Every structure is written in C-alpha cells, then in structure tokens.
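Raw contents of run13.pdb, PDB, C-alpha atoms, pLDDT in the B column:
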```pdb
ATOM      1  CA  ARG G   1     -18.746 -13.592 -83.105  1.00 44.00           C
ATOM      2  CA  ILE G   2     -19.549 -10.771 -80.728  1.00 45.00           C
ATOM      3  CA  LEU G   3     -20.301 -11.366 -77.111  1.00 48.00           C
ATOM      4  CA  PHE G   4     -22.420  -8.586 -75.731  1.00 48.00           C
ATOM      5  CA  PHE G   5     -21.887  -8.389 -71.990  1.00 49.00           C
ATOM      6  CA  GLN G   6     -24.946  -6.584 -70.718  1.00 47.00           C
ATOM      7  CA  GLU G   7     -25.883  -5.240 -67.309  1.00 47.00           C
ATOM      8  CA  GLU G   8     -26.138  -8.712 -65.740  1.00 44.00           C
ATOM      9  CA  ILE G   9     -22.356  -8.958 -65.857  1.00 45.00           C
ATOM     10  CA  LEU G  10     -21.585  -5.862 -63.883  1.00 44.00           C
ATOM     11  CA  ARG G  11     -24.362  -5.997 -61.332  1.00 46.00           C
ATOM     12  CA  LEU G  12     -22.844  -3.290 -59.184  1.00 42.00           C
ATOM     13  CA  ASP G  13     -26.041  -1.414 -58.442  1.00 46.00           C
ATOM     14  CA  THR G  14     -25.750  -2.206 -54.718  1.00 52.00           C
ATOM     15  CA  VAL G  15     -22.410  -0.460 -54.251  1.00 51.00           C
ATOM     16  CA  TYR G  16     -20.567   2.654 -55.226  1.00 69.00           C
ATOM     17  CA  GLY G  17     -17.310   1.640 -56.915  1.00 78.00           C
ATOM     18  CA  ARG G  18     -14.338   3.794 -57.863  1.00 82.00           C
ATOM     19  CA  HIS G  19     -11.602   2.980 -60.359  1.00 87.00           C
ATOM     20  CA  ALA G  20     -13.423  -0.104 -61.607  1.00 90.00           C
ATOM     21  CA  SER G  21     -11.740  -2.351 -64.132  1.00 93.00           C
ATOM     22  CA  ALA G  22     -12.170  -5.781 -65.671  1.00 93.00           C
ATOM     23  CA  VAL G  23      -9.531  -8.351 -66.549  1.00 94.00           C
ATOM     24  CA  LEU G  24     -10.729 -10.717 -69.288  1.00 94.00           C
ATOM     25  CA  THR G  25      -8.909 -14.042 -69.524  1.00 94.00           C
ATOM     26  CA  PRO G  26      -9.720 -16.233 -72.542  1.00 93.00           C
ATOM     27  CA  GLY G  27     -10.167 -19.960 -72.086  1.00 93.00           C
ATOM     28  CA  PRO G  28      -7.973 -22.630 -73.689  1.00 92.00           C
ATOM     29  CA  GLY G  29      -7.909 -22.283 -77.460  1.00 91.00           C
ATOM     30  CA  VAL G  30      -9.680 -18.911 -77.315  1.00 92.00           C
ATOM     31  CA  ARG G  31      -8.121 -15.643 -78.471  1.00 91.00           C
ATOM     32  CA  ILE G  32      -9.436 -12.160 -77.719  1.00 91.00           C
ATOM     33  CA  ASP G  33      -9.231 -10.284 -81.028  1.00 88.00           C
ATOM     34  CA  ALA G  34     -10.653  -6.963 -79.927  1.00 85.00           C
ATOM     35  CA  VAL G  35     -12.489  -5.169 -77.147  1.00 87.00           C
ATOM     36  CA  VAL G  36     -14.687  -2.359 -78.418  1.00 83.00           C
ATOM     37  CA  GLY G  37     -13.422   0.994 -77.211  1.00 78.00           C
ATOM     38  CA  LEU G  38      -9.812  -0.049 -76.671  1.00 80.00           C
ATOM     39  CA  ALA G  39      -7.468   1.704 -79.081  1.00 71.00           C
ATOM     40  CA  ASP G  40      -4.920  -1.097 -79.356  1.00 74.00           C
ATOM     41  CA  PRO G  41      -5.594  -4.754 -80.140  1.00 70.00           C
ATOM     42  CA  PRO G  42      -5.245  -6.992 -77.078  1.00 76.00           C
ATOM     43  CA  ALA G  43      -1.993  -8.857 -76.557  1.00 77.00           C
ATOM     44  CA  ALA G  44      -2.024 -12.607 -76.016  1.00 78.00           C
ATOM     45  CA  GLY G  45      -3.446 -13.588 -72.661  1.00 81.00           C
ATOM     46  CA  PRO G  46      -5.536 -11.481 -70.268  1.00 90.00           C
ATOM     47  CA  THR G  47      -6.918  -8.122 -71.410  1.00 91.00           C
ATOM     48  CA  TYR G  48      -7.335  -5.148 -69.087  1.00 92.00           C
ATOM     49  CA  VAL G  49     -10.463  -3.006 -69.564  1.00 92.00           C
ATOM     50  CA  PRO G  50     -10.857   0.244 -67.547  1.00 91.00           C
ATOM     51  CA  LEU G  51     -14.452   0.922 -66.504  1.00 89.00           C
ATOM     52  CA  GLY G  52     -14.196   4.137 -64.479  1.00 87.00           C
ATOM     53  CA  ASP G  53     -16.366   4.984 -61.493  1.00 84.00           C
ATOM     54  CA  ILE G  54     -19.631   3.105 -60.971  1.00 80.00           C
ATOM     55  CA  ALA G  55     -22.577   4.868 -59.353  1.00 76.00           C
ATOM     56  CA  ARG G  56     -25.588   3.093 -57.882  1.00 70.00           C
ATOM     57  CA  GLY G  57     -27.716   1.721 -60.702  1.00 73.00           C
ATOM     58  CA  ASP G  58     -25.004   2.139 -63.353  1.00 77.00           C
ATOM     59  CA  HIS G  59     -23.927  -0.644 -65.631  1.00 74.00           C
ATOM     60  CA  ARG G  60     -21.157  -1.136 -68.179  1.00 77.00           C
ATOM     61  CA  ASP G  61     -21.295  -3.046 -71.453  1.00 82.00           C
ATOM     62  CA  ILE G  62     -18.185  -4.841 -72.708  1.00 86.00           C
ATOM     63  CA  LEU G  63     -18.061  -5.959 -76.332  1.00 85.00           C
ATOM     64  CA  VAL G  64     -15.493  -8.634 -77.096  1.00 88.00           C
ATOM     65  CA  ARG G  65     -14.522 -10.246 -80.396  1.00 85.00           C
ATOM     66  CA  MET G  66     -12.949 -13.680 -80.009  1.00 89.00           C
ATOM     67  CA  THR G  67     -11.613 -16.475 -82.183  1.00 90.00           C
ATOM     68  CA  VAL G  68     -12.014 -20.090 -81.081  1.00 90.00           C
ATOM     69  CA  THR G  69     -10.016 -23.034 -82.392  1.00 90.00           C
ATOM     70  CA  PRO G  70     -12.190 -25.728 -84.038  1.00 87.00           C
ATOM     71  CA  ARG G  71     -13.807 -28.209 -81.663  1.00 87.00           C
ATOM     72  CA  LYS G  72     -15.933 -31.310 -82.038  1.00 90.00           C
ATOM     73  CA  PRO G  73     -19.688 -30.635 -82.129  1.00 88.00           C
ATOM     74  CA  GLY G  74     -21.238 -30.629 -78.681  1.00 88.00           C
ATOM     75  CA  ALA G  75     -17.964 -29.973 -76.885  1.00 89.00           C
ATOM     76  CA  PRO G  76     -18.104 -27.676 -73.851  1.00 90.00           C
ATOM     77  CA  LEU G  77     -16.241 -24.430 -74.416  1.00 89.00           C
ATOM     78  CA  GLU G  78     -14.670 -22.217 -71.767  1.00 92.00           C
ATOM     79  CA  LEU G  79     -14.890 -18.825 -73.419  1.00 92.00           C
ATOM     80  CA  LEU G  80     -13.892 -16.262 -70.869  1.00 93.00           C
ATOM     81  CA  ASP G  81     -13.271 -15.508 -67.220  1.00 94.00           C
ATOM     82  CA  ALA G  82     -13.915 -11.919 -66.172  1.00 94.00           C
ATOM     83  CA  VAL G  83     -12.602 -10.486 -62.909  1.00 95.00           C
ATOM     84  CA  ILE G  84     -14.078  -7.096 -62.027  1.00 92.00           C
ATOM     85  CA  THR G  85     -12.334  -5.060 -59.316  1.00 92.00           C
ATOM     86  CA  PHE G  86     -13.246  -1.708 -57.793  1.00 90.00           C
ATOM     87  CA  ASP G  87     -12.549   0.384 -54.710  1.00 89.00           C
ATOM     88  CA  ASP G  88     -15.534   0.321 -52.383  1.00 83.00           C
ATOM     89  CA  ALA G  89     -16.746   3.860 -51.720  1.00 75.00           C
ATOM     90  CA  LEU G  90     -19.847   2.959 -49.709  1.00 70.00           C
ATOM     91  CA  GLU G  91     -18.468   1.115 -46.693  1.00 73.00           C
ATOM     92  CA  ASP G  92     -14.789   1.953 -47.238  1.00 73.00           C
ATOM     93  CA  ALA G  93     -14.104  -1.775 -47.473  1.00 74.00           C
ATOM     94  CA  GLY G  94     -11.091  -1.372 -49.741  1.00 83.00           C
ATOM     95  CA  LYS G  95     -10.709  -3.160 -53.060  1.00 88.00           C
ATOM     96  CA  LEU G  96     -13.524  -5.563 -53.900  1.00 87.00           C
ATOM     97  CA  GLU G  97     -13.777  -8.185 -56.586  1.00 90.00           C
ATOM     98  CA  ARG G  98     -16.458  -9.945 -58.625  1.00 89.00           C
ATOM     99  CA  ARG G  99     -15.922 -12.924 -60.919  1.00 93.00           C
ATOM    100  CA  VAL G 100     -17.977 -13.972 -63.939  1.00 91.00           C
ATOM    101  CA  TYR G 101     -17.518 -17.076 -66.090  1.00 92.00           C
ATOM    102  CA  PHE G 102     -18.752 -17.500 -69.671  1.00 91.00           C
ATOM    103  CA  GLY G 103     -19.113 -20.872 -71.336  1.00 90.00           C
ATOM    104  CA  ALA G 104     -20.883 -22.408 -74.307  1.00 88.00           C
ATOM    105  CA  TYR G 105     -21.199 -25.570 -76.364  1.00 88.00           C
ATOM    106  CA  THR G 106     -20.046 -25.985 -79.935  1.00 88.00           C
ATOM    107  CA  SER G 107     -22.400 -26.984 -82.724  1.00 87.00           C
ATOM    108  CA  ASP G 108     -22.196 -27.744 -86.428  1.00 87.00           C
ATOM    109  CA  ASP G 109     -25.962 -27.438 -86.799  1.00 87.00           C
ATOM    110  CA  GLU G 110     -26.469 -24.190 -88.725  1.00 85.00           C
ATOM    111  CA  ALA G 111     -30.140 -24.052 -87.764  1.00 88.00           C
ATOM    112  CA  LYS G 112     -29.245 -24.138 -84.057  1.00 85.00           C
ATOM    113  CA  VAL G 113     -26.625 -21.438 -84.548  1.00 81.00           C
ATOM    114  CA  VAL G 114     -29.110 -19.202 -86.361  1.00 80.00           C
ATOM    115  CA  LYS G 115     -31.772 -19.826 -83.715  1.00 84.00           C
ATOM    116  CA  ALA G 116     -29.327 -18.895 -80.957  1.00 81.00           C
ATOM    117  CA  THR G 117     -28.431 -15.618 -82.652  1.00 81.00           C
ATOM    118  CA  ASN G 118     -30.036 -12.563 -81.075  1.00 82.00           C
ATOM    119  CA  SER G 119     -30.472  -9.921 -83.782  1.00 85.00           C
ATOM    120  CA  ASP G 120     -31.254  -7.161 -81.260  1.00 85.00           C
ATOM    121  CA  VAL G 121     -28.011  -7.854 -79.411  1.00 84.00           C
ATOM    122  CA  GLU G 122     -26.034  -7.989 -82.655  1.00 87.00           C
ATOM    123  CA  LEU G 123     -27.473  -4.660 -83.768  1.00 89.00           C
ATOM    124  CA  SER G 124     -26.822  -3.005 -80.407  1.00 86.00           C
ATOM    125  CA  ALA G 125     -23.272  -4.321 -80.506  1.00 87.00           C
ATOM    126  CA  ALA G 126     -22.770  -3.016 -84.042  1.00 92.00           C
ATOM    127  CA  ARG G 127     -23.985   0.463 -83.056  1.00 92.00           C
ATOM    128  CA  ALA G 128     -21.693   0.511 -80.028  1.00 89.00           C
ATOM    129  CA  GLU G 129     -18.777  -0.646 -82.138  1.00 90.00           C
ATOM    130  CA  ALA G 130     -19.478   2.027 -84.753  1.00 94.00           C
ATOM    131  CA  SER G 131     -19.576   4.715 -82.059  1.00 93.00           C
ATOM    132  CA  ALA G 132     -16.297   3.513 -80.570  1.00 90.00           C
ATOM    133  CA  THR G 133     -14.671   3.380 -84.002  1.00 93.00           C
ATOM    134  CA  MET G 134     -15.789   6.929 -84.739  1.00 95.00           C
ATOM    135  CA  ILE G 135     -14.213   8.158 -81.504  1.00 93.00           C
ATOM    136  CA  LEU G 136     -10.955   6.302 -82.150  1.00 92.00           C
ATOM    137  CA  GLY G 137     -10.833   7.616 -85.718  1.00 94.00           C
ATOM    138  CA  LEU G 138     -11.399  11.214 -84.635  1.00 94.00           C
ATOM    139  CA  GLU G 139      -8.767  10.899 -81.907  1.00 93.00           C
ATOM    140  CA  ALA G 140      -6.257   9.531 -84.421  1.00 93.00           C
ATOM    141  CA  ALA G 141      -6.977  12.384 -86.836  1.00 94.00           C
ATOM    142  CA  LYS G 142      -6.597  14.917 -84.037  1.00 93.00           C
ATOM    143  CA  ARG G 143      -3.117  13.535 -83.344  1.00 92.00           C
ATOM    144  CA  GLY G 144      -2.289  13.834 -87.033  1.00 93.00           C
ATOM    145  CA  ALA G 145      -2.347  10.051 -87.560  1.00 94.00           C
ATOM    146  CA  ASN G 146      -4.483  10.492 -90.665  1.00 95.00           C
ATOM    147  CA  VAL G 147      -3.606   7.166 -92.296  1.00 95.00           C
ATOM    148  CA  ARG G 148      -4.747   5.261 -89.200  1.00 94.00           C
ATOM    149  CA  ALA G 149      -7.848   7.435 -88.910  1.00 95.00           C
ATOM    150  CA  ARG G 150      -8.876   6.774 -92.512  1.00 96.00           C
ATOM    151  CA  LEU G 151      -8.283   3.036 -92.084  1.00 96.00           C
ATOM    152  CA  LEU G 152     -10.279   2.842 -88.853  1.00 94.00           C
ATOM    153  CA  LEU G 153     -13.216   4.791 -90.271  1.00 96.00           C
ATOM    154  CA  THR G 154     -13.264   2.950 -93.593  1.00 97.00           C
ATOM    155  CA  LYS G 155     -13.193  -0.478 -91.962  1.00 95.00           C
ATOM    156  CA  GLY G 156     -15.749   0.673 -89.401  1.00 94.00           C
ATOM    157  CA  ALA G 157     -18.132   1.741 -92.151  1.00 96.00           C
ATOM    158  CA  GLU G 158     -17.648  -1.578 -93.958  1.00 96.00           C
ATOM    159  CA  ALA G 159     -18.399  -3.542 -90.782  1.00 94.00           C
ATOM    160  CA  ALA G 160     -21.478  -1.444 -90.082  1.00 95.00           C
ATOM    161  CA  ARG G 161     -22.869  -1.955 -93.577  1.00 95.00           C
ATOM    162  CA  ALA G 162     -22.202  -5.673 -93.409  1.00 94.00           C
ATOM    163  CA  GLN G 163     -24.332  -5.757 -90.266  1.00 93.00           C
ATOM    164  CA  ILE G 164     -27.028  -3.636 -91.925  1.00 94.00           C
ATOM    165  CA  LYS G 165     -27.458  -6.367 -94.543  1.00 93.00           C
ATOM    166  CA  ARG G 166     -28.365  -8.765 -91.717  1.00 89.00           C
ATOM    167  CA  THR G 167     -30.301  -6.339 -89.529  1.00 90.00           C
ATOM    168  CA  PRO G 168     -31.400  -3.130 -91.307  1.00 93.00           C
ATOM    169  CA  SER G 169     -30.988  -0.014 -89.168  1.00 94.00           C
ATOM    170  CA  ALA G 170     -31.343   3.645 -90.125  1.00 95.00           C
ATOM    171  CA  GLU G 171     -29.209   4.651 -87.128  1.00 95.00           C
ATOM    172  CA  LEU G 172     -26.394   2.295 -88.082  1.00 95.00           C
ATOM    173  CA  GLU G 173     -26.603   3.444 -91.704  1.00 96.00           C
ATOM    174  CA  GLU G 174     -26.207   7.045 -90.536  1.00 96.00           C
ATOM    175  CA  GLN G 175     -23.168   6.046 -88.486  1.00 96.00           C
ATOM    176  CA  ALA G 176     -21.648   4.281 -91.496  1.00 97.00           C
ATOM    177  CA  THR G 177     -22.274   7.292 -93.727  1.00 97.00           C
ATOM    178  CA  ASN G 178     -20.685   9.642 -91.202  1.00 96.00           C
ATOM    179  CA  MET G 179     -17.585   7.466 -91.022  1.00 97.00           C
ATOM    180  CA  VAL G 180     -17.271   7.459 -94.806  1.00 97.00           C
ATOM    181  CA  VAL G 181     -17.658  11.235 -94.998  1.00 96.00           C
ATOM    182  CA  ILE G 182     -15.090  11.885 -92.278  1.00 96.00           C
ATOM    183  CA  ALA G 183     -12.636   9.399 -93.786  1.00 96.00           C
ATOM    184  CA  ALA G 184     -12.950  11.091 -97.178  1.00 96.00           C
ATOM    185  CA  SER G 185     -12.301  14.522 -95.650  1.00 96.00           C
ATOM    186  CA  THR G 186      -9.234  13.323 -93.720  1.00 95.00           C
ATOM    187  CA  PRO G 187      -5.846  13.935 -95.404  1.00 94.00           C
ATOM    188  CA  GLU G 188      -4.255  10.861 -96.957  1.00 93.00           C
ATOM    189  CA  THR G 189      -0.900  11.403 -95.247  1.00 93.00           C
ATOM    190  CA  ASP G 190       0.072  11.936 -91.629  1.00 93.00           C
ATOM    191  CA  THR G 191       0.944  15.402 -90.415  1.00 87.00           C
ATOM    192  CA  ALA G 192       4.505  16.320 -89.458  1.00 63.00           C
ATOM    193  CA  SER G 193       3.707  16.143 -85.743  1.00 61.00           C
ATOM    194  CA  ALA G 194       2.414  12.576 -86.067  1.00 56.00           C
ATOM    195  CA  LYS G 195       5.495  11.510 -88.056  1.00 54.00           C
ATOM    196  CA  ALA G 196       7.759  13.030 -85.431  1.00 51.00           C
ATOM    197  CA  ALA G 197       5.988  11.299 -82.559  1.00 50.00           C
ATOM    198  CA  PRO G 198       7.763   8.216 -81.137  1.00 48.00           C
TER     199      PRO G 198
END
```

Please render this file's structure as structure tokens.
Amino acid sequence: RILFFQEEILRLDTVYGRHASAVLTPGPGVRIDAVVGLADPPAAGPTYVPLGDIARGDHRDILVRMTVTPRKPGAPLELLDAVITFDDALEDAGKLERRVYFGAYTSDDEAKVVKATNSDVELSAARAEASATMILGLEAAKRGANVRARLLLTKGAEAARAQIKRTPSAELEEQATNMVVIAASTPETDTASAKAAP
C-alpha cells in the first residue's frame, strides 16, 4: 500500500530550513520497497530522502511503498519513524530536528480496509508516482541507459492504468499514454556511452 505523507508531516511553515532531509526507519517486520522520486530502491534499514530548502509555508510530500509481514488481526503495527533535519536559517540555531511516528492496526475485515481507503489520496499518489517515473525514465534515456528507461516507463504506465481502473482520471491516463509513447520511441539497446559507464 502507499502511504501519502501530506503537509501535516513536514509542518515547517514556522521556520526557514536549509538542506532539509528525512530519514525513514521502518518498524519491526516492515520493509521499505520504494520512495517515489528516488532513483534506486532503498537498501535494508533506514532510507535517506533529500528534501532541499524549505521556505515559510512550503511543504513536502513523501510517498513510500512498504511491505509488512503478516500479523494477527487487530495487532498494533509500528510502520515508520521519520526524523526530519534541517539547518535553521531564521534564528541561526544550527541543525534542528523533528520526529514523526506512524502506526496502524491490522485487520482481516475487507470492508474495514475498503472503508479506510482514501481514493483521493490514492489518486494523488498515483499521479505523483507517474510524474516521478517519467522524470527517472527521461534521465535514464539521457544517459543512454535505454533499457532501464523503457522498463521504468513501461512499468510506470502499467501501474498508472491499474490505478485508473480503481479511480478513473483523465490526467493519469494522459501520463500513462505519454510514458508508453516515450518508451516506444526509446531505442531498445543502451548507447555506447552507457555501456562504457562504470
């Protein structure tokens, strides 16, 4: 499932922060599979997410895909600890830190799971993921890594269209179509420069 970390998580609108970053640490039995926008899949353990500079009123969204080992119904679940750090640029107070904890309860009641699903959040997450995939695919193609680019864009389009079946969206459909078109126009083999790269 996708966790959509909205503006409540990075409530930094009272400070100016430079060089902000988040370290996401999964709970016991939880694995971070992907963070939208990061080129490489996370390694086991904590995942580092750069956030850049934060101006007053800004917010950052972090999309995380996680896998959880099976639990008994009703068991409390420690999903994620997030530690956000940034250099204070308002009072010159040095490096500051904010901590956020995410938990949940397991359930085998499909009706409860469906009721708890927020279709607007899922759709927003899917659009953000499609945008990030497009950027990663274009960057790979620019480096001559055409095989990776085609794979990223093809899988991105498939994921987008799977979401469209659940929550129809003309914008997401356009994103999926663009990914398919770009993938089809990308050479099937890597360029010489990509092959020569370490």

Next on the checklist: Take the PyMOL selection byres ((chain G and resi 22-36) around 10), run it mentally on this structure, and tell me the resulting residues as number ranges by chain.
Outcome noted: G: 2-3, 10, 20-21, 37-51, 61-71, 77-86, 97-103, 125-126, 128-133

Expected file: the selected residues, C-alpha atoms, as a PDB file, keeping the file's coordinate frame:
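Output file again.pdb follows:
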```pdb
ATOM      1  CA  ILE G   2     -19.549 -10.771 -80.728  1.00 45.00           C
ATOM      2  CA  LEU G   3     -20.301 -11.366 -77.111  1.00 48.00           C
ATOM      3  CA  LEU G  10     -21.585  -5.862 -63.883  1.00 44.00           C
ATOM      4  CA  ALA G  20     -13.423  -0.104 -61.607  1.00 90.00           C
ATOM      5  CA  SER G  21     -11.740  -2.351 -64.132  1.00 93.00           C
ATOM      6  CA  GLY G  37     -13.422   0.994 -77.211  1.00 78.00           C
ATOM      7  CA  LEU G  38      -9.812  -0.049 -76.671  1.00 80.00           C
ATOM      8  CA  ALA G  39      -7.468   1.704 -79.081  1.00 71.00           C
ATOM      9  CA  ASP G  40      -4.920  -1.097 -79.356  1.00 74.00           C
ATOM     10  CA  PRO G  41      -5.594  -4.754 -80.140  1.00 70.00           C
ATOM     11  CA  PRO G  42      -5.245  -6.992 -77.078  1.00 76.00           C
ATOM     12  CA  ALA G  43      -1.993  -8.857 -76.557  1.00 77.00           C
ATOM     13  CA  ALA G  44      -2.024 -12.607 -76.016  1.00 78.00           C
ATOM     14  CA  GLY G  45      -3.446 -13.588 -72.661  1.00 81.00           C
ATOM     15  CA  PRO G  46      -5.536 -11.481 -70.268  1.00 90.00           C
ATOM     16  CA  THR G  47      -6.918  -8.122 -71.410  1.00 91.00           C
ATOM     17  CA  TYR G  48      -7.335  -5.148 -69.087  1.00 92.00           C
ATOM     18  CA  VAL G  49     -10.463  -3.006 -69.564  1.00 92.00           C
ATOM     19  CA  PRO G  50     -10.857   0.244 -67.547  1.00 91.00           C
ATOM     20  CA  LEU G  51     -14.452   0.922 -66.504  1.00 89.00           C
ATOM     21  CA  ASP G  61     -21.295  -3.046 -71.453  1.00 82.00           C
ATOM     22  CA  ILE G  62     -18.185  -4.841 -72.708  1.00 86.00           C
ATOM     23  CA  LEU G  63     -18.061  -5.959 -76.332  1.00 85.00           C
ATOM     24  CA  VAL G  64     -15.493  -8.634 -77.096  1.00 88.00           C
ATOM     25  CA  ARG G  65     -14.522 -10.246 -80.396  1.00 85.00           C
ATOM     26  CA  MET G  66     -12.949 -13.680 -80.009  1.00 89.00           C
ATOM     27  CA  THR G  67     -11.613 -16.475 -82.183  1.00 90.00           C
ATOM     28  CA  VAL G  68     -12.014 -20.090 -81.081  1.00 90.00           C
ATOM     29  CA  THR G  69     -10.016 -23.034 -82.392  1.00 90.00           C
ATOM     30  CA  PRO G  70     -12.190 -25.728 -84.038  1.00 87.00           C
ATOM     31  CA  ARG G  71     -13.807 -28.209 -81.663  1.00 87.00           C
ATOM     32  CA  LEU G  77     -16.241 -24.430 -74.416  1.00 89.00           C
ATOM     33  CA  GLU G  78     -14.670 -22.217 -71.767  1.00 92.00           C
ATOM     34  CA  LEU G  79     -14.890 -18.825 -73.419  1.00 92.00           C
ATOM     35  CA  LEU G  80     -13.892 -16.262 -70.869  1.00 93.00           C
ATOM     36  CA  ASP G  81     -13.271 -15.508 -67.220  1.00 94.00           C
ATOM     37  CA  ALA G  82     -13.915 -11.919 -66.172  1.00 94.00           C
ATOM     38  CA  VAL G  83     -12.602 -10.486 -62.909  1.00 95.00           C
ATOM     39  CA  ILE G  84     -14.078  -7.096 -62.027  1.00 92.00           C
ATOM     40  CA  THR G  85     -12.334  -5.060 -59.316  1.00 92.00           C
ATOM     41  CA  PHE G  86     -13.246  -1.708 -57.793  1.00 90.00           C
ATOM     42  CA  GLU G  97     -13.777  -8.185 -56.586  1.00 90.00           C
ATOM     43  CA  ARG G  98     -16.458  -9.945 -58.625  1.00 89.00           C
ATOM     44  CA  ARG G  99     -15.922 -12.924 -60.919  1.00 93.00           C
ATOM     45  CA  VAL G 100     -17.977 -13.972 -63.939  1.00 91.00           C
ATOM     46  CA  TYR G 101     -17.518 -17.076 -66.090  1.00 92.00           C
ATOM     47  CA  PHE G 102     -18.752 -17.500 -69.671  1.00 91.00           C
ATOM     48  CA  GLY G 103     -19.113 -20.872 -71.336  1.00 90.00           C
ATOM     49  CA  ALA G 125     -23.272  -4.321 -80.506  1.00 87.00           C
ATOM     50  CA  ALA G 126     -22.770  -3.016 -84.042  1.00 92.00           C
ATOM     51  CA  ALA G 128     -21.693   0.511 -80.028  1.00 89.00           C
ATOM     52  CA  GLU G 129     -18.777  -0.646 -82.138  1.00 90.00           C
ATOM     53  CA  ALA G 130     -19.478   2.027 -84.753  1.00 94.00           C
ATOM     54  CA  SER G 131     -19.576   4.715 -82.059  1.00 93.00           C
ATOM     55  CA  ALA G 132     -16.297   3.513 -80.570  1.00 90.00           C
ATOM     56  CA  THR G 133     -14.671   3.380 -84.002  1.00 93.00           C
TER      57      THR G 133
END
```

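Going from CA of Asp58 in chain G over to CA of Glu171 in chain G, you cover 24.3 Å.
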
Checklist entry - Can you list, as a PyMOL selection string, every protein, DNA or RNA residue that comes within 9 Å of Leu138 in chain G when you count only C-alpha atoms, leaving out same-chain residues fewer than 5 positions away? => result chain G and resi 133+143+149+153+182

Checklist entry - Which protein, DNA or RNA residues are at most 8 Å from (-19.4, 1.2, -62.2) in the file's coordinates when you count only C-alpha atoms, listed as a PyMOL selection string? => result chain G and resi 10+12+16-18+20+51-56+58-60

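Going from CA of Ala141 in chain G to CA of Arg127 in chain G covers 21.1 Å.
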
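What separates CA of Glu158 in chain G from CA of Ala145 in chain G is a distance of 20.3 Å.
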
Residues picked by the PyMOL selection byres ((chain G and resi 163) around 10) here, as a compact mmCIF listing (two decimals) with C-alpha atoms, in the coordinates of the input?
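Ended up saving to out_25.txt:
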```txt
# COMPACT_ATOMS: atom_id res chain seq x y z
CA SER G 119 -30.47 -9.92 -83.78
CA GLU G 122 -26.03 -7.99 -82.66
CA LEU G 123 -27.47 -4.66 -83.77
CA ALA G 125 -23.27 -4.32 -80.51
CA ALA G 126 -22.77 -3.02 -84.04
CA ARG G 127 -23.98 0.46 -83.06
CA ALA G 157 -18.13 1.74 -92.15
CA GLU G 158 -17.65 -1.58 -93.96
CA ALA G 159 -18.40 -3.54 -90.78
CA ALA G 160 -21.48 -1.44 -90.08
CA ARG G 161 -22.87 -1.96 -93.58
CA ALA G 162 -22.20 -5.67 -93.41
CA ILE G 164 -27.03 -3.64 -91.92
CA LYS G 165 -27.46 -6.37 -94.54
CA ARG G 166 -28.36 -8.76 -91.72
CA THR G 167 -30.30 -6.34 -89.53
CA PRO G 168 -31.40 -3.13 -91.31
CA SER G 169 -30.99 -0.01 -89.17
CA LEU G 172 -26.39 2.30 -88.08
CA GLU G 173 -26.60 3.44 -91.70
```

May I have the centre and edge lengths, in Å to one decimal, of an axis-aligned box around the listed atoms of range 16-25 of chain G with 4 Å added to every side, as lines of an AutoDock Vina configuration file?
```
center_x = -14.7
center_y = -5.1
center_z = -62.4
size_x = 19.7
size_y = 25.8
size_z = 22.3
```

Item to check | Among the residues G:Val121, G:Val147, G:Leu96, G:Met134, the one that comes closest to Val180 in chain G [using all atoms listed in the file] | outcome: G:Met134

Residues in the PyMOL selection byres ((chain G and resi 75) around 9), expressed as an mmCIF file with C-alpha atoms, in the frame of the given file:
```cif
data_model
loop_
_atom_site.group_PDB
_atom_site.id
_atom_site.type_symbol
_atom_site.label_atom_id
_atom_site.label_comp_id
_atom_site.auth_asym_id
_atom_site.auth_seq_id
_atom_site.Cartn_x
_atom_site.Cartn_y
_atom_site.Cartn_z
ATOM 1 C CA ARG G 71 -13.807 -28.209 -81.663
ATOM 2 C CA LYS G 72 -15.933 -31.310 -82.038
ATOM 3 C CA PRO G 73 -19.688 -30.635 -82.129
ATOM 4 C CA GLY G 74 -21.238 -30.629 -78.681
ATOM 5 C CA PRO G 76 -18.104 -27.676 -73.851
ATOM 6 C CA LEU G 77 -16.241 -24.430 -74.416
ATOM 7 C CA ALA G 104 -20.883 -22.408 -74.307
ATOM 8 C CA TYR G 105 -21.199 -25.570 -76.364
ATOM 9 C CA THR G 106 -20.046 -25.985 -79.935
ATOM 10 C CA SER G 107 -22.400 -26.984 -82.724
#
```
